[in-house]
Amino acid sequence: MQPEVIIETRSLSKVYRDFWGRQKVRALKSLDMEVRRGEIFGLLGPNGSGKSTTIKLILGLLFPTSGQALVFGQDAREVTKNQRIGYLPEESYLYKFLNAEETLDFYGRLFNMPRAVRRQRIADLIEMVGLNWAKRRQLKEYSKGMTRRIGLAQALINDPELILLDEPTTGLDPIGTREMKDLIIKLKEQGKTVLMCSHLLADVQDVCDRIAILYQGELKEMGRVDNLLKVRDVTEIRATGLTPLAQEEIRLAIERNNGHILNMDNPTTTLEDLFLKIIRESEEHPGRRVRGVGERT
Amino acid sequence: MVLDLTDVTPFLTWLFGLGWTDGAIFGLIPLIVVLLLVGGGATWLVAAIRRGRGATSPRAGAIVSTAMAAGIGLAVAGIVVWLLLPAKTTAAIQPAFLDGAAWLLGSGWYHGAVYQWLLVAACAAELAFAFGWLASAVRHGPVVAFATAGQLAGDAVLDTLRISPRRVAALAGLAVKESIRRRVIVVFAVFIVILLFAGWYLDPKNPNPARIYLDFVLTATSYLVLLLALFLSSLSLPADLKSRTLHTVVTKPVRMSEVVLGRIAGFTAVTTLLLLPMSAISYAFVQRGLAHTHDVLIDDLQPVRGSTPGQPASLQGRTTVVSAHSHKVFVDSATNAAAVEMEQRHTHSLPLQKITVGGKAMYRTGPAEGMLVARVPVYGKLAFRDRTGQPAEKGINVGDEWTYRSFIEGGSLATAIWSFQGITEDRFKDGLPLEMTIESFRTHKGIIEKAVLGSLLVRNPSSDKNKPVTVEIFGAKDFAIDAHKIPRQWQTAGGKKIDLFKDIVSKDGQIEIWLRCDDRGQYFGCAQADMYLRASDASFAWNFVKGYLAIWLTSLLVVSLGVMFSTFLSGPVAMLATLGTLVAGFFHDFMLRLATGQTLGGGPFESIGRILNQENMTAQAAPGVATTVAQTLDAVAKFGLYLLAAVLPDFSRFSLAEFVASGFSIPGDTVLTYACRTFAFVLPVFVVGYLCLKNREVAQ
Ligand SMILES: Nc1ncnc2c1ncn2[C@@H]1O[C@H](COP(=O)(O)OP(=O)(O)OP(=O)(O)O)[C@@H](O)[C@H]1O
Ligand SMILES: [Mg+2]
């Protein structure tokens, strides 16, 4: 049985218009995708490819030009869905005149959380993001990474089922990045669903189960990360028990099953190579969807 | 007290109309049961809605749409039927319909403000619905739009009913913190500085210093607070949208209604917190600024020339000059009884205290008395008699077109007659305290120092045969309140003894007070409000509070308007729009006059035509195509203007400062009416703000 669909977009499109209603940018073109319960889904794409736009549409911060975004089976514009959602924006858009505790308290109250629960949760979260030493300082004094951390704490205040992270690792130091990735995996272990977008491929490769690659608002590739990174026309063999003399006859030896084969697989490419290849092909053949590198699941 | 019953009755009439109490609803079902049912039902509804899931479904949307469309259909059909039916039939239907409604709701309920407000609100809701449908139909086609518009209307109701107090409180708290960060306290500092330099503006020589002081503090406070309200409310949301902090907020389970309401509540809290200390400081400032005592050198007192026995004073003199004035005093050296004459609208409390300063013996007066008052006037109805003594519509016009006073000629039978009602013995135990402000108009100089003489008469209105009886002959003071007392008993020149309540006041508590001018060639100008009975005085402090309450209510209106405009305009533009609304509101009367064609030269288009053709504004426009076009355009413009004037708050009526400054008690029903008006505007303004924010893309 397939797990429950948490996010679904149906030919979701977005055209940004100016004040006079003239078309400016077609930021998203007919996106169809699904995110299922318990998976970490990554949105990939170069700058300006429509990742943030997609997330904002899913949150109801933008209204689709056509198509629909559904979250928990409800329309994205419905507010009650927010009860179960945590969102970390591209940059942490927080009130600079509040300190860390006040910030979390404010957002906690927006969830109608009782005072005692709020207190406990705030203490836990500040501890988790490692800001205990600065929790009484106003956010305007925070560094970029610190702001990012408090932004993350804010996104988790309601213990959400679905977490949307817009470039979660920007601004974080290597340790912070590592911690963030560990946290994402931990959230998955707790059964939560994560949708993140990033152009830091290593991050995505490390944590995501499935990815979608966007280029100029179009979906170019979607699938499981392990499938996507498999190079199908190459076979990789690691063997032992073969004498050096027999190395020339290796093919024969394998055919006759003389050797003891430990591993036989396709080698994987790096996500970076895949990404660059897709972008290059898209530039050469604009509008054509690249398929066949991996199979869709 | 605000809740004096005599105060509340006119208020309730204003609110619900004239005869709603004689309707079946009011008569049959005890009001309390109705309230209980309504309250319980509302609670149940709110609870049910809170429990329910998500937004309005398309089906519910379609149902709402159908209802709204049916409303429009019914209205249109009603108008069409009305126009098509012969006048006879409509005339027959109308009373029948009204009779039925009157049985249920009472006979005069449709005069009430509530009914008219509901009518306007219903029309506005239908218009908004039609507009929403149109906007949606352009994009999604008429059928989808039908459900969408209904959903929107349904959502609006849900979003309003499901407002969470805790979230609103959180958002309001944020608004307060934001205001503090924006250094609201500076306004307070400015206020203090203004008070410190108040001496530059306050003229101590003014005959009415209390008015100057009160005007000053009330104006300073209201300008500061209203400007602050304007700035805070119109800049906040745009700043949040620009810095995208709103993204983080609205991705929490926050309704747009809560965002708007939280802002309004927060900034209102700020103005309230500012107004409280400001009013207290203003009060202390006025009290201290006006407080003074005078001294009288005992050696300088002169014996009163030809002092008659029976008068308490045997010595007279002038006090020292303090606050640019001095008083005439009379002292009876034997009994030490004294009298201080009125100056700058006050006297000083007695007894005089004997002190010695620098070896000189002096009397010192008590503190000033009668400066800060809240008179409760009882007004009468004014009628005139012409010079031959015949009833007349008005007095004469002495040439100044703009005066609202009418004049009576001196040395003739011309009379101004005020008829008062509700005069009872227990209300006026010591006789009738009368105050009047009469304008004298001199056709010849005479002796400029000498006052124009007038006489006061009273008449029992119970029969036409009753003759007026002279009470007093007096010299009129110009530009000052003339206080007189009609005593319980007095003797006429003819030696007849008169008892006020036995002889003059009719059984149903009515009395006529006649005013005549006795100097030939001089005139008295009077208007209805120029004479009143000063029944009693209300507490000045309480009146002061009421004046500040009015400022508070206005600031609430300004905050709501600012927040509403800022939901769809950028900060500075929203501020201008709010300011424009305020200014337009102040010229409400002018707009109405323009809209109803009471100005010279026709409407705006016709006037432009006249200016272009260099025609006279007062001449009849020459018939022709151009005139017809201009007049048609004017008709459209006038209708638009009329609508605008109908929906704009009339700010010129929104100030109660004049009452406080001129020393009159603000009637309780005025305060209540004013509060109702404010909330009647705040509610739709809030709804518009909510709808605009709900339908805009936060991340655009
Ligand atoms: N408010 C806006 N008005 C007009 N155009 C916009 C707006 N926001 C985004 N765009 C355009 O939409 C396109 C997609 O933008 P989006 O922010 O979704 O990209 P992104 O994939 O998140 O990029 P990045 O990696 O830089 O964050 C871009 O071309 C951008 O210029
Ligand atoms: Mg982005």
# chains A, B, ... in the order shown; residues from 1 in each chain; ligands from 1
call {"tool": "residues_around", "arguments": {"residues": "range 143-152 of chain B", "least_positions_apart": "3", "cutoff": "10 Å", "atoms": "only C-alpha atoms", "output": "PyMOL selection string"}}
result
chain B and resi 55-69+128-140+155-158+691+694-695
call {"tool": "residues_near_ligand", "arguments": {"ligand": "ligand 1", "cutoff": "6 Å", "atoms": "only C-alpha atoms and all ligand atoms", "output": "list in words"}}
result
Tyr16, Val25, Ala27, Pro46, Asn47, Gly48, Ser49, Gly50, Lys51, Ser52 and Thr53 of chain A; Gln700 of chain B
call {"tool": "select_by_dssp", "arguments": {"residues": "range 507-594 of chain B", "states": "alpha helix (DSSP H)", "output": "PyMOL selection string"}}
result
chain B and resi 540-566+571-586+588-594
call {"tool": "closest_residue", "arguments": {"among": "B:Leu569, B:Ala122, B:Ala334, B:Leu301", "to": "chain A", "atoms": "only C-alpha atoms"}}
result
B:Leu569
call {"tool": "interface_residues", "arguments": {"of": "chain A", "to": "chain B", "cutoff": "6 Å", "atoms": "only C-alpha atoms", "output": "number ranges by chain"}}
result
A: 61-62, 79-80, 82-83, 93-94, 110
call {"tool": "atom_distance", "arguments": {"atom1": "CA of Pro89 in chain A", "atom2": "CA of Gly60 in chain A"}}
result
13.4 Å
call {"tool": "decode", "arguments": {"residues": "range 510-537 of chain B", "atoms": "N, CA and C atoms", "output": "PDB file, in the first residue's frame"}}
result
ATOM      1  N   GLN B 510     -44.837  74.392  32.301  1.00  0.00           N
ATOM      2  CA  GLN B 510     -44.351  75.228  31.209  1.00  0.00           C
ATOM      3  C   GLN B 510     -44.270  76.686  31.642  1.00  0.00           C
ATOM      4  N   ILE B 511     -43.349  77.369  31.015  1.00  0.00           N
ATOM      5  CA  ILE B 511     -43.205  78.791  31.306  1.00  0.00           C
ATOM      6  C   ILE B 511     -42.681  79.490  30.054  1.00  0.00           C
ATOM      7  N   GLU B 512     -43.074  80.737  29.871  1.00  0.00           N
ATOM      8  CA  GLU B 512     -42.514  81.525  28.772  1.00  0.00           C
ATOM      9  C   GLU B 512     -41.654  82.629  29.352  1.00  0.00           C
ATOM     10  N   ILE B 513     -40.499  82.823  28.768  1.00  0.00           N
ATOM     11  CA  ILE B 513     -39.642  83.928  29.200  1.00  0.00           C
ATOM     12  C   ILE B 513     -39.501  84.895  28.030  1.00  0.00           C
ATOM     13  N   TRP B 514     -39.841  86.135  28.284  1.00  0.00           N
ATOM     14  CA  TRP B 514     -39.868  87.145  27.233  1.00  0.00           C
ATOM     15  C   TRP B 514     -38.673  88.063  27.390  1.00  0.00           C
ATOM     16  N   LEU B 515     -38.111  88.437  26.238  1.00  0.00           N
ATOM     17  CA  LEU B 515     -36.998  89.381  26.270  1.00  0.00           C
ATOM     18  C   LEU B 515     -37.342  90.565  25.366  1.00  0.00           C
ATOM     19  N   ARG B 516     -37.197  91.783  25.921  1.00  0.00           N
ATOM     20  CA  ARG B 516     -37.423  92.966  25.093  1.00  0.00           C
ATOM     21  C   ARG B 516     -36.233  93.890  25.228  1.00  0.00           C
ATOM     22  N   CYS B 517     -36.051  94.694  24.198  1.00  0.00           N
ATOM     23  CA  CYS B 517     -34.991  95.690  24.241  1.00  0.00           C
ATOM     24  C   CYS B 517     -35.640  97.038  24.545  1.00  0.00           C
ATOM     25  N   ASP B 518     -35.101  97.756  25.522  1.00  0.00           N
ATOM     26  CA  ASP B 518     -35.780  98.963  25.973  1.00  0.00           C
ATOM     27  C   ASP B 518     -35.223 100.247  25.380  1.00  0.00           C
ATOM     28  N   ASP B 519     -34.040 100.173  24.765  1.00  0.00           N
ATOM     29  CA  ASP B 519     -33.449 101.388  24.200  1.00  0.00           C
ATOM     30  C   ASP B 519     -33.908 101.563  22.763  1.00  0.00           C
ATOM     31  N   ARG B 520     -34.545 102.699  22.506  1.00  0.00           N
ATOM     32  CA  ARG B 520     -35.002 102.962  21.144  1.00  0.00           C
ATOM     33  C   ARG B 520     -33.796 103.041  20.210  1.00  0.00           C
ATOM     34  N   GLY B 521     -33.926 102.390  19.040  1.00  0.00           N
ATOM     35  CA  GLY B 521     -32.845 102.468  18.061  1.00  0.00           C
ATOM     36  C   GLY B 521     -31.755 101.422  18.270  1.00  0.00           C
ATOM     37  N   GLN B 522     -31.820 100.696  19.338  1.00  0.00           N
ATOM     38  CA  GLN B 522     -30.856  99.610  19.518  1.00  0.00           C
ATOM     39  C   GLN B 522     -31.583  98.279  19.289  1.00  0.00           C
ATOM     40  N   TYR B 523     -30.807  97.251  19.077  1.00  0.00           N
ATOM     41  CA  TYR B 523     -31.414  95.953  18.797  1.00  0.00           C
ATOM     42  C   TYR B 523     -30.764  94.874  19.655  1.00  0.00           C
ATOM     43  N   PHE B 524     -31.521  93.834  19.934  1.00  0.00           N
ATOM     44  CA  PHE B 524     -30.970  92.624  20.555  1.00  0.00           C
ATOM     45  C   PHE B 524     -31.039  91.491  19.538  1.00  0.00           C
ATOM     46  N   GLY B 525     -29.929  90.755  19.418  1.00  0.00           N
ATOM     47  CA  GLY B 525     -29.951  89.582  18.535  1.00  0.00           C
ATOM     48  C   GLY B 525     -29.997  88.326  19.372  1.00  0.00           C
ATOM     49  N   CYS B 526     -30.891  87.415  19.014  1.00  0.00           N
ATOM     50  CA  CYS B 526     -30.969  86.196  19.809  1.00  0.00           C
ATOM     51  C   CYS B 526     -31.222  84.973  18.934  1.00  0.00           C
ATOM     52  N   ALA B 527     -30.743  83.873  19.417  1.00  0.00           N
ATOM     53  CA  ALA B 527     -31.008  82.583  18.789  1.00  0.00           C
ATOM     54  C   ALA B 527     -31.450  81.630  19.889  1.00  0.00           C
ATOM     55  N   GLN B 528     -31.991  80.496  19.458  1.00  0.00           N
ATOM     56  CA  GLN B 528     -32.604  79.580  20.427  1.00  0.00           C
ATOM     57  C   GLN B 528     -31.658  79.189  21.557  1.00  0.00           C
ATOM     58  N   ALA B 529     -30.382  78.935  21.190  1.00  0.00           N
ATOM     59  CA  ALA B 529     -29.449  78.438  22.206  1.00  0.00           C
ATOM     60  C   ALA B 529     -28.903  79.558  23.085  1.00  0.00           C
ATOM     61  N   ASP B 530     -29.340  80.816  22.817  1.00  0.00           N
ATOM     62  CA  ASP B 530     -28.777  81.936  23.561  1.00  0.00           C
ATOM     63  C   ASP B 530     -29.297  82.038  24.983  1.00  0.00           C
ATOM     64  N   MET B 531     -30.438  81.441  25.233  1.00  0.00           N
ATOM     65  CA  MET B 531     -30.952  81.490  26.598  1.00  0.00           C
ATOM     66  C   MET B 531     -31.255  80.083  27.071  1.00  0.00           C
ATOM     67  N   TYR B 532     -30.806  79.777  28.253  1.00  0.00           N
ATOM     68  CA  TYR B 532     -31.106  78.458  28.803  1.00  0.00           C
ATOM     69  C   TYR B 532     -31.220  78.577  30.308  1.00  0.00           C
ATOM     70  N   LEU B 533     -31.878  77.604  30.894  1.00  0.00           N
ATOM     71  CA  LEU B 533     -31.949  77.525  32.345  1.00  0.00           C
ATOM     72  C   LEU B 533     -30.810  76.633  32.796  1.00  0.00           C
ATOM     73  N   ARG B 534     -30.053  77.126  33.742  1.00  0.00           N
ATOM     74  CA  ARG B 534     -28.924  76.325  34.206  1.00  0.00           C
ATOM     75  C   ARG B 534     -29.417  75.457  35.345  1.00  0.00           C
ATOM     76  N   ALA B 535     -29.966  74.290  34.967  1.00  0.00           N
ATOM     77  CA  ALA B 535     -30.666  73.454  35.937  1.00  0.00           C
ATOM     78  C   ALA B 535     -29.750  73.060  37.076  1.00  0.00           C
ATOM     79  N   SER B 536     -28.623  72.487  36.702  1.00  0.00           N
ATOM     80  CA  SER B 536     -27.675  72.046  37.722  1.00  0.00           C
ATOM     81  C   SER B 536     -26.338  71.924  37.018  1.00  0.00           C
ATOM     82  N   ASP B 537     -25.305  71.694  37.746  1.00  0.00           N
ATOM     83  CA  ASP B 537     -24.005  71.501  37.132  1.00  0.00           C
ATOM     84  C   ASP B 537     -23.580  70.057  37.281  1.00  0.00           C
TER      85      ASP B 537
END
